[in-house]
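Comments concern the structure below.
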Amino acid sequence: MPVLASVTLRARDAIKGIWREAAKFGVVGALAFVVDNGGYNLLVFGLPGGARGGPMGASPVQASVLATGAAALFSWAGNRYWTYRHQHGEKVTRELALFLVANGVGLAITAGTVFASRQLLGLDSALSDNTARIFGWVLATLFRFYAYRRYVFVAP
């Protein structure tokens with residue numbers, strides 16, 4: 001029985017740690033989501049109620065890349081110095097390179113859903129763009145959480 005109790009306690013502590021980590025990751029991700037989608041909508045559609053549209057209205061995929069890049073920088077700081085502050089390694093350059101690779105894949109996933117919506121399905125409304133981006137964000141977020149835990153923010 002002591003072995004079973006020990007295993008149970010270790011499993012409970014591991015699950016509690018993952019939930020805490022996931023919650024912090026989620027807060028950083030939610031704020032990055034606002035930076036990303038807010039930036040995208042400003043770049044493509046302009047200010048709400050504005051008749052002219054945004055400065056990148058004719059370039060939605062490039063706007064998606066730019067907005068996601070800004071959100072990635074925010075995410076780097078939030079995750080490195082808050083979510084994974086006790087797990088990140090000493091080699092900042094290596095960690096940043098792996099972070100950028102993981103976010104490059106996430107960026108491609110998000111931009112790919114906009115591309116698919118616009119080019120393959122022929123949809124070009126704010127609703128269809130945002131639906132495609134949210135779907136891309138969900139997929140990219142799952143990938144990033146795995147990649148950050150497994151490859152990026154690991155102590156040596």
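As shown in the structure tokens, the chain order sets the letters A, B, ...; within each chain, residues go from 1, and ligands are also counted from 1 in the order they appear.
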Problem - Neighbour list for Ala58 of chain A as JSON, numbers by chain, cut-off 12 Å, only C-alpha atoms, skip fewer than 5 positions in-chain - result: {"A": [43, 44, 45, 46, 52, 53, 63, 64, 118, 124]}
Could you save those same residues with N, CA and C atoms as a compact mmCIF listing (two decimals), in the first residue's frame?
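Okay, out-v5.txt is ready:
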```
# COMPACT_ATOMS: atom_id res chain seq x y z
N LEU A 43 -4.86 45.96 -38.92
CA LEU A 43 -4.10 46.01 -40.17
C LEU A 43 -4.96 45.77 -41.41
N VAL A 44 -5.89 44.83 -41.32
CA VAL A 44 -6.69 44.46 -42.49
C VAL A 44 -7.97 45.28 -42.61
N PHE A 45 -8.67 45.46 -41.51
CA PHE A 45 -10.00 46.09 -41.56
C PHE A 45 -10.03 47.51 -40.99
N GLY A 46 -8.97 47.95 -40.33
CA GLY A 46 -8.92 49.30 -39.78
C GLY A 46 -9.67 49.40 -38.47
N ARG A 52 -12.43 53.31 -44.49
CA ARG A 52 -11.32 53.07 -45.40
C ARG A 52 -10.72 51.68 -45.31
N GLY A 53 -10.85 51.02 -44.21
CA GLY A 53 -10.18 49.74 -44.03
C GLY A 53 -8.78 49.95 -43.51
N ALA A 63 -0.46 40.37 -43.32
CA ALA A 63 -0.92 40.98 -42.08
C ALA A 63 -0.99 39.93 -40.98
N SER A 64 -1.41 38.73 -41.33
CA SER A 64 -1.47 37.65 -40.36
C SER A 64 -0.07 37.31 -39.85
N ARG A 118 -9.18 32.01 -47.70
CA ARG A 118 -9.21 33.00 -48.78
C ARG A 118 -9.03 32.36 -50.16
N ASP A 124 -13.84 35.92 -47.93
CA ASP A 124 -13.03 37.12 -47.66
C ASP A 124 -13.67 38.10 -46.68
```
Exercise for the section: Return as a PyMOL selection string the full set of residues in segment 15-78 of chain A whose backbone-based DSSP assignment is alpha helix (DSSP H). Expected result: chain A and resi 15-45+60-78
Mind running segment 67-109 of chain A against segment 141-150 of chain A at 8 Å and telling me each contacting residue's nearest atom pair with the distance in Å (one decimal), counting only C-alpha atoms, chain and number ascending, as a Markdown table?
```
| residue | atom | partner | partner_atom | distance |
| --- | --- | --- | --- | --- |
| A:Phe99 | CA | A:Tyr148 | CA | 7.2 |
| A:Ala102 | CA | A:Arg144 | CA | 6.2 |
| A:Asn103 | CA | A:Arg144 | CA | 7.0 |
| A:Gly106 | CA | A:Arg144 | CA | 6.8 |
```
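Distance check against Phe74 of chain A using only C-alpha atoms: of A:Ala32, A:Val27, A:Val154, A:Ala111, the minimum falls on A:Ala32.
Shortest atom-to-atom contact with Val105 of chain A among A:Ala30, A:Ala22, A:Ala72, A:Ala155: A:Ala72, counting only C-alpha atoms.
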Exercise for the section: Mind checking which residues fall within 9 Å of Arg133 of chain A, counting only C-alpha atoms, ignoring those fewer than 6 positions away in the same chain, and posting them as a PyMOL selection string? Expected result: chain A and resi 37+64+110-114
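Among the candidate residues A:Leu120, A:Leu73, A:Ala126, A:Val152, the one lying nearest to Tyr40 of chain A is A:Ala126, with distances computed using only C-alpha atoms.
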